[in-house]
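Participant: Take a look at this one; I'll ask things after.
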Amino acid sequence: MALSHIEPLKLTTGELAKRLQDFQREYLREKSADTVGTYSRALREFERWFAEQADTFRFSEDGVRAYKTYLMETRSLSEASVSTYLTAFRQFCQYLVVIGLMDKNPALAVKGNRRPLSHSRAVLTEADIRQLLRVLDDTTLLGKRDQAMVYLMLYAGLSEIEVVRADVRDIDRMLDGTFLRVQGKGRAGKDRQAPLDPPVIEKIERYLEARDSVLPEHPLFVSHGHRSNGQRLNTRSVRSRINRCLAAANLKRSGVSPHSLTHTAPLIWLNKGMGIEEVMKRMRHGTRDTTLIYSRKQSLLQENPE
């Protein structure tokens, strides 16, 4: 007896909108705000493209490949972005399988682009670091705040979002050292620890001592403007302040951004002889391969900028 051929799933625009809404409500319910935002953006892109297909799209391997081609060629997204968008779409397809609309997930057969083996953002050299530290102001409240943020990113490997989310009470002083509990991108809570070396602790303490009435529940870094005094800094503000420091040090060349400070931290540790496993732990990397990327770039710390 021949098996009956199962036609690929076809949805109307209205049906797709409802399924996407249900997926985001049910699947993303316990995800972090960053994950929800990433998935929502990715699936909105698919929904826009779907509407342009004039009712021809089917949930098949060919359909998924057509969408991937659109992301790569029409939208000209980076390899990492294509992979992210396909991951979100793959999860949505899996949701359709779970609720019984499909027997198998067609997106599983379509792989995302390989992520680059090296980071595209430039790192700072030792000369750059000296230049950056020279322009930091430690005489004013704003200067002390910005200096502490630079030290956290450059010498503790924190990202912008980890700096923004930090509270005063997240600093843990223990027998084996001082740590900052951090909540990174895509994380639901502050479930990681970043070791703080003495120079970093000193800059944070100097900033906190200069602030008025600091309580444990207060944000670690706040605005000191007239209208927003005491409010938590957002990522845009942190990025703007770090960019200002980079510009003052004449370091705003191609590829250099606030993220460069974070990417420079593991190179500093590796050049001081720290082992791969310890660097991996400090950077909160999910895999050893990610840390090995930095090991291959270790010599860049001594090179002259292009």
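Going by the structure tokens order, chains are called A, B, ..., each with residues numbered from 1, while ligands are numbered from 1 in the order shown.
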Would you pick out the contacts of region 48-51 of chain A at 12 Å or less, using only C-alpha atoms, so that residues sharing its chain but fewer than 5 positions from it are not included, and give the list as a VMD selection string?
Facilitator: chain A and resid 10 to 17 41 to 43 56 to 59 63 to 64 66 to 71 74 to 75
Participant: Include C-alpha atoms and write out the residues we just selected as a CSV table (one decimal), in the first residue's frame.
Facilitator:
chain,number,residue,atom,x,y,z
A,10,LYS,CA,0.1,26.5,3.5
A,11,LEU,CA,-1.1,29.5,5.6
A,12,THR,CA,-2.9,32.7,4.7
A,13,THR,CA,-1.5,36.0,5.9
A,14,GLY,CA,-4.1,36.2,8.6
A,15,GLU,CA,-3.4,32.6,9.8
A,16,LEU,CA,0.3,33.3,9.9
A,17,ALA,CA,-0.2,36.4,11.9
A,41,ARG,CA,12.4,41.4,14.8
A,42,ALA,CA,13.4,38.2,13.0
A,43,LEU,CA,9.8,36.9,12.6
A,56,THR,CA,3.0,31.0,-3.0
A,57,PHE,CA,5.0,30.2,0.1
A,58,ARG,CA,4.8,26.7,1.5
A,59,PHE,CA,6.4,25.4,4.7
A,63,GLY,CA,10.4,27.5,0.9
A,64,VAL,CA,12.9,27.9,3.7
A,66,ALA,CA,13.9,30.7,-0.7
A,67,TYR,CA,13.6,32.8,2.5
A,68,LYS,CA,17.3,32.2,3.3
A,69,THR,CA,18.2,33.4,-0.2
A,70,TYR,CA,16.1,36.6,0.3
A,71,LEU,CA,17.9,37.3,3.6
A,74,THR,CA,18.0,40.9,-1.2
A,75,ARG,CA,18.5,42.0,2.4
Participant: Which residues are close to region 284-291 of chain A, i.e. within 9 Å by only C-alpha atoms, leaving aside same-chain residues fewer than 4 positions away? Reply as a PyMOL selection string.
Facilitator: chain A and resi 117-118+184+192-194+266+276-277+279-280+295
Participant: If we count only C-alpha atoms and set the cut-off at 12 Å, which residues sit around Ala248 (chain A), ignoring sequence neighbours fewer than 2 positions away in its own chain? Please answer as a PyMOL selection string.
Facilitator: chain A and resi 128+131-137+241-246+250-252
Participant: Write the selection just made, keeping all heavy atoms, as a compact mmCIF listing (two decimals), in the first residue's frame?
Facilitator:
# COMPACT_ATOMS: atom_id res chain seq x y z
N ASP A 128 47.08 51.88 22.20
CA ASP A 128 45.73 52.45 22.26
C ASP A 128 45.24 52.55 23.70
O ASP A 128 44.63 53.55 24.09
CB ASP A 128 44.75 51.57 21.47
CG ASP A 128 44.99 51.60 19.97
OD1 ASP A 128 45.56 52.58 19.48
OD2 ASP A 128 44.57 50.62 19.31
N GLN A 131 46.77 55.34 25.53
CA GLN A 131 46.21 56.60 25.03
C GLN A 131 44.82 56.84 25.60
O GLN A 131 44.47 57.96 26.00
CB GLN A 131 46.15 56.54 23.49
CG GLN A 131 46.17 57.89 22.80
CD GLN A 131 46.48 57.73 21.32
OE1 GLN A 131 47.35 56.93 20.95
NE2 GLN A 131 45.78 58.48 20.49
N LEU A 132 44.02 55.78 25.66
CA LEU A 132 42.66 55.90 26.20
C LEU A 132 42.68 56.25 27.68
O LEU A 132 41.94 57.14 28.13
CB LEU A 132 41.91 54.58 25.98
CG LEU A 132 40.50 54.48 26.58
CD1 LEU A 132 39.58 55.56 25.99
CD2 LEU A 132 39.91 53.09 26.35
N LEU A 133 43.52 55.57 28.44
CA LEU A 133 43.57 55.82 29.89
C LEU A 133 44.05 57.24 30.20
O LEU A 133 43.64 57.83 31.20
CB LEU A 133 44.47 54.79 30.56
CG LEU A 133 44.03 53.32 30.45
CD1 LEU A 133 44.95 52.43 31.27
CD2 LEU A 133 42.58 53.14 30.88
N ARG A 134 44.90 57.79 29.31
CA ARG A 134 45.42 59.14 29.55
C ARG A 134 44.32 60.21 29.45
O ARG A 134 44.41 61.24 30.13
CB ARG A 134 46.54 59.46 28.56
CG ARG A 134 47.91 58.95 28.97
CD ARG A 134 49.02 59.66 28.21
NE ARG A 134 48.93 59.40 26.76
CZ ARG A 134 49.58 58.41 26.16
NH1 ARG A 134 50.35 57.59 26.87
NH2 ARG A 134 49.47 58.23 24.87
N VAL A 135 43.30 59.96 28.63
CA VAL A 135 42.28 61.00 28.45
C VAL A 135 41.14 60.89 29.46
O VAL A 135 40.27 61.76 29.50
CB VAL A 135 41.69 60.97 27.01
CG1 VAL A 135 42.79 61.10 25.97
CG2 VAL A 135 40.87 59.70 26.77
N LEU A 136 41.13 59.83 30.25
CA LEU A 136 40.04 59.66 31.22
C LEU A 136 40.18 60.68 32.35
O LEU A 136 41.28 60.89 32.88
CB LEU A 136 40.05 58.24 31.79
CG LEU A 136 39.78 57.11 30.79
CD1 LEU A 136 39.85 55.77 31.49
CD2 LEU A 136 38.44 57.30 30.09
N ASP A 137 39.08 61.29 32.70
CA ASP A 137 39.05 62.33 33.74
C ASP A 137 38.64 61.70 35.07
O ASP A 137 37.57 61.09 35.18
CB ASP A 137 38.06 63.41 33.33
CG ASP A 137 37.82 64.43 34.44
OD1 ASP A 137 38.73 64.62 35.27
OD2 ASP A 137 36.72 65.01 34.47
N ARG A 241 28.95 57.65 25.81
CA ARG A 241 30.03 58.09 26.70
C ARG A 241 31.36 57.40 26.34
O ARG A 241 32.42 58.04 26.33
CB ARG A 241 29.68 57.82 28.15
CG ARG A 241 28.48 58.57 28.67
CD ARG A 241 28.60 60.06 28.58
NE ARG A 241 29.76 60.58 29.31
CZ ARG A 241 30.04 61.87 29.42
NH1 ARG A 241 29.27 62.77 28.82
NH2 ARG A 241 31.11 62.28 30.12
N ILE A 242 31.30 56.10 26.04
CA ILE A 242 32.53 55.39 25.69
C ILE A 242 33.06 55.89 24.35
O ILE A 242 34.27 56.07 24.17
CB ILE A 242 32.30 53.87 25.65
CG1 ILE A 242 31.81 53.35 27.01
CG2 ILE A 242 33.60 53.14 25.25
CD1 ILE A 242 32.76 53.60 28.16
N ASN A 243 32.16 56.13 23.40
CA ASN A 243 32.58 56.68 22.11
C ASN A 243 33.24 58.04 22.28
O ASN A 243 34.21 58.37 21.58
CB ASN A 243 31.39 56.80 21.16
CG ASN A 243 31.15 55.53 20.37
OD1 ASN A 243 32.10 54.84 19.99
ND2 ASN A 243 29.89 55.21 20.12
N ARG A 244 32.74 58.83 23.22
CA ARG A 244 33.34 60.13 23.48
C ARG A 244 34.77 59.97 24.00
O ARG A 244 35.67 60.72 23.62
CB ARG A 244 32.49 60.90 24.49
CG ARG A 244 33.01 62.29 24.80
CD ARG A 244 32.05 63.06 25.68
NE ARG A 244 30.76 63.29 25.04
CZ ARG A 244 29.83 64.11 25.52
NH1 ARG A 244 30.05 64.77 26.65
NH2 ARG A 244 28.68 64.27 24.89
N CYS A 245 34.97 58.99 24.86
CA CYS A 245 36.32 58.72 25.37
C CYS A 245 37.25 58.26 24.25
O CYS A 245 38.41 58.70 24.16
CB CYS A 245 36.27 57.67 26.47
SG CYS A 245 35.39 58.16 27.97
N LEU A 246 36.75 57.39 23.38
CA LEU A 246 37.56 56.90 22.26
C LEU A 246 37.93 58.04 21.31
O LEU A 246 39.06 58.11 20.83
CB LEU A 246 36.80 55.80 21.50
CG LEU A 246 36.62 54.47 22.23
CD1 LEU A 246 35.63 53.58 21.49
CD2 LEU A 246 37.96 53.75 22.39
N ASN A 250 41.56 59.87 20.18
CA ASN A 250 41.85 59.76 18.74
C ASN A 250 41.93 58.29 18.30
O ASN A 250 42.80 57.91 17.53
CB ASN A 250 43.16 60.48 18.41
CG ASN A 250 43.30 60.77 16.92
OD1 ASN A 250 42.30 60.93 16.22
ND2 ASN A 250 44.52 60.82 16.43
N LEU A 251 40.99 57.48 18.80
CA LEU A 251 40.98 56.05 18.49
C LEU A 251 39.80 55.63 17.63
O LEU A 251 39.56 54.43 17.46
CB LEU A 251 40.97 55.24 19.80
CG LEU A 251 42.18 55.41 20.72
CD1 LEU A 251 42.00 54.61 21.99
CD2 LEU A 251 43.47 55.02 19.99
N LYS A 252 39.04 56.58 17.10
CA LYS A 252 37.84 56.22 16.34
C LYS A 252 38.18 55.89 14.89
O LYS A 252 37.80 56.57 13.94
CB LYS A 252 36.82 57.36 16.40
CG LYS A 252 36.11 57.47 17.73
CD LYS A 252 35.31 56.22 18.08
CE LYS A 252 34.13 56.05 17.16
NZ LYS A 252 33.38 54.80 17.49
Participant: Counting only C-alpha atoms, figure out which residue out of A:Gln91, A:Ser32, A:Ser76, A:Ser159 gets nearest to Val182 (chain A).
Facilitator: A:Ser159
Participant: Would you mind listing what lies within 7 Å of Val164 (chain A) as a list in words, with only C-alpha atoms counted and same-chain residues fewer than 3 positions away left out?
Facilitator: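 Residues meeting the cut-off are Glu160, Ile161, Phe221, Leu233, Asn234 and Thr235 of chain A.
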Participant: Which is closer to Leu142 (chain A) than all the others in A:Ile293, A:Ala54, A:Val222, A:Ala127, using only C-alpha atoms?
Facilitator: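 That would be A:Val222, the residue with the smallest distance to Leu142 (chain A).
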Participant: What lies within 9 Å of Val200 (chain A) using only C-alpha atoms, ignoring chain neighbours under 6 positions off, as an mmCIF file with N, CA and C atoms, in the first residue's frame?
Facilitator:
data_model
loop_
_atom_site.group_PDB
_atom_site.id
_atom_site.type_symbol
_atom_site.label_atom_id
_atom_site.label_comp_id
_atom_site.auth_asym_id
_atom_site.auth_seq_id
_atom_site.Cartn_x
_atom_site.Cartn_y
_atom_site.Cartn_z
ATOM 1 N N ALA A 148 35.146 54.319 35.508
ATOM 2 C CA ALA A 148 34.761 53.015 36.065
ATOM 3 C C ALA A 148 34.141 52.127 34.987
ATOM 4 N N TYR A 151 36.945 50.798 32.724
ATOM 5 C CA TYR A 151 37.716 49.747 33.399
ATOM 6 C C TYR A 151 36.928 48.436 33.471
ATOM 7 N N LEU A 152 35.623 48.518 33.683
ATOM 8 C CA LEU A 152 34.806 47.298 33.733
ATOM 9 C C LEU A 152 34.794 46.586 32.383
ATOM 10 N N TYR A 155 38.919 45.740 31.521
ATOM 11 C CA TYR A 155 39.670 44.863 32.423
ATOM 12 C C TYR A 155 38.821 43.796 33.121
ATOM 13 N N ALA A 156 37.493 43.835 32.893
ATOM 14 C CA ALA A 156 36.637 42.772 33.430
ATOM 15 C C ALA A 156 35.795 42.123 32.328
#
Participant: Could you tell me how far CA of Lys18 (chain A) sits from CA of Cys93 (chain A), in Å to one decimal place?
Facilitator: 13.8 Å
Participant: Run DSSP on the backbone and grab whatever in region 37-229 of chain A lands in strand (DSSP E or B); send it over as a list in words.
Facilitator: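 Strand (DSSP E or B) members of region 37-229 of chain A, listed: Phe59, Asp167, Ile171, Asp172, Arg173, Met174, Gly177, Thr178, Phe179, Leu180, Arg181, Val182, Arg192, Gln193, Ala194, Pro195, Leu196, Pro219 and Val222 of chain A.
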Participant: Output N, CA, C and O atoms of each residue in that selection to a file, as a short mmCIF file (atom, residue, chain, number, x, y, z; two decimals), in the first residue's frame.
Facilitator:
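Once written, result-v9.cif looks like this:
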data_model
loop_
_atom_site.label_atom_id
_atom_site.label_comp_id
_atom_site.auth_asym_id
_atom_site.auth_seq_id
_atom_site.Cartn_x
_atom_site.Cartn_y
_atom_site.Cartn_z
N PHE A 59 5.48 25.78 3.65
CA PHE A 59 6.43 25.40 4.69
C PHE A 59 7.14 24.11 4.29
O PHE A 59 6.85 23.03 4.79
N ASP A 167 23.68 46.48 39.40
CA ASP A 167 23.26 47.24 40.58
C ASP A 167 24.39 47.23 41.60
O ASP A 167 25.28 46.37 41.56
N ILE A 171 27.73 43.61 43.61
CA ILE A 171 29.15 43.44 43.94
C ILE A 171 29.26 42.52 45.15
O ILE A 171 28.74 42.81 46.23
N ASP A 172 29.91 41.39 44.96
CA ASP A 172 30.08 40.39 46.03
C ASP A 172 31.55 40.34 46.45
O ASP A 172 32.43 40.02 45.64
N ARG A 173 31.81 40.66 47.72
CA ARG A 173 33.16 40.58 48.26
C ARG A 173 33.28 39.26 49.02
O ARG A 173 32.62 39.06 50.03
N MET A 174 34.12 38.37 48.52
CA MET A 174 34.26 37.04 49.08
C MET A 174 35.71 36.79 49.45
O MET A 174 36.60 37.59 49.12
N GLY A 177 38.04 36.66 46.48
CA GLY A 177 38.07 37.79 45.57
C GLY A 177 36.75 38.54 45.53
O GLY A 177 35.79 38.20 46.23
N THR A 178 36.72 39.57 44.70
CA THR A 178 35.51 40.38 44.52
C THR A 178 34.93 40.09 43.15
O THR A 178 35.66 40.04 42.14
N PHE A 179 33.61 39.92 43.11
CA PHE A 179 32.94 39.56 41.86
C PHE A 179 31.74 40.48 41.64
O PHE A 179 31.18 41.05 42.58
N LEU A 180 31.35 40.60 40.38
CA LEU A 180 30.13 41.31 40.03
C LEU A 180 29.17 40.32 39.40
O LEU A 180 29.52 39.66 38.41
N ARG A 181 27.99 40.19 39.99
CA ARG A 181 26.97 39.34 39.38
C ARG A 181 26.41 40.06 38.16
O ARG A 181 25.98 41.21 38.25
N VAL A 182 26.42 39.38 37.01
CA VAL A 182 26.04 40.03 35.76
C VAL A 182 24.90 39.30 35.07
O VAL A 182 24.72 38.08 35.24
N ARG A 192 25.64 34.87 36.35
CA ARG A 192 27.06 34.74 36.07
C ARG A 192 27.87 35.68 36.97
O ARG A 192 27.34 36.68 37.46
N GLN A 193 29.13 35.36 37.16
CA GLN A 193 30.01 36.20 37.98
C GLN A 193 31.20 36.68 37.16
O GLN A 193 31.84 35.88 36.47
N ALA A 194 31.51 37.95 37.26
CA ALA A 194 32.68 38.51 36.61
C ALA A 194 33.68 38.90 37.70
O ALA A 194 33.38 39.76 38.54
N PRO A 195 34.87 38.28 37.72
CA PRO A 195 35.87 38.67 38.72
C PRO A 195 36.32 40.11 38.51
O PRO A 195 36.51 40.55 37.37
N LEU A 196 36.47 40.84 39.60
CA LEU A 196 36.93 42.23 39.53
C LEU A 196 38.32 42.32 40.14
O LEU A 196 38.50 42.05 41.33
N PRO A 219 21.07 51.47 40.88
CA PRO A 219 21.91 51.06 39.73
C PRO A 219 23.36 51.42 39.99
O PRO A 219 23.66 52.43 40.63
N VAL A 222 24.52 55.58 36.98
CA VAL A 222 23.32 56.40 36.79
C VAL A 222 23.66 57.68 36.05
O VAL A 222 24.83 58.08 35.93
#
Participant: Can you work out the spacing between CA of Ala80 (chain A) and CA of Leu9 (chain A) in Å, to one decimal?
Facilitator: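 CA of Leu9 (chain A) lies at a distance of 27.9 Å from CA of Ala80 (chain A).
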Participant: Tell me which of A:Ile129, A:Leu86, A:Leu77, A:Met102 sits closest to Ser60 (chain A), counting only C-alpha atoms.
Facilitator: A:Met102
Participant: Using the chain letters and numbers from this document, which residues of region 84-237 of chain A does DSSP assign to alpha helix (DSSP H), as JSON, numbers by chain?
Facilitator: {"A": [84, 85, 86, 87, 88, 89, 90, 91, 92, 93, 94, 95, 96, 97, 98, 126, 127, 128, 129, 130, 131, 132, 133, 134, 135, 141, 142, 143, 144, 145, 146, 147, 148, 149, 150, 151, 152, 153, 154, 155, 156, 160, 161, 162, 163, 164, 165, 198, 199, 200, 201, 202, 203, 204, 205, 206, 207, 208, 209, 210, 235, 236, 237]}
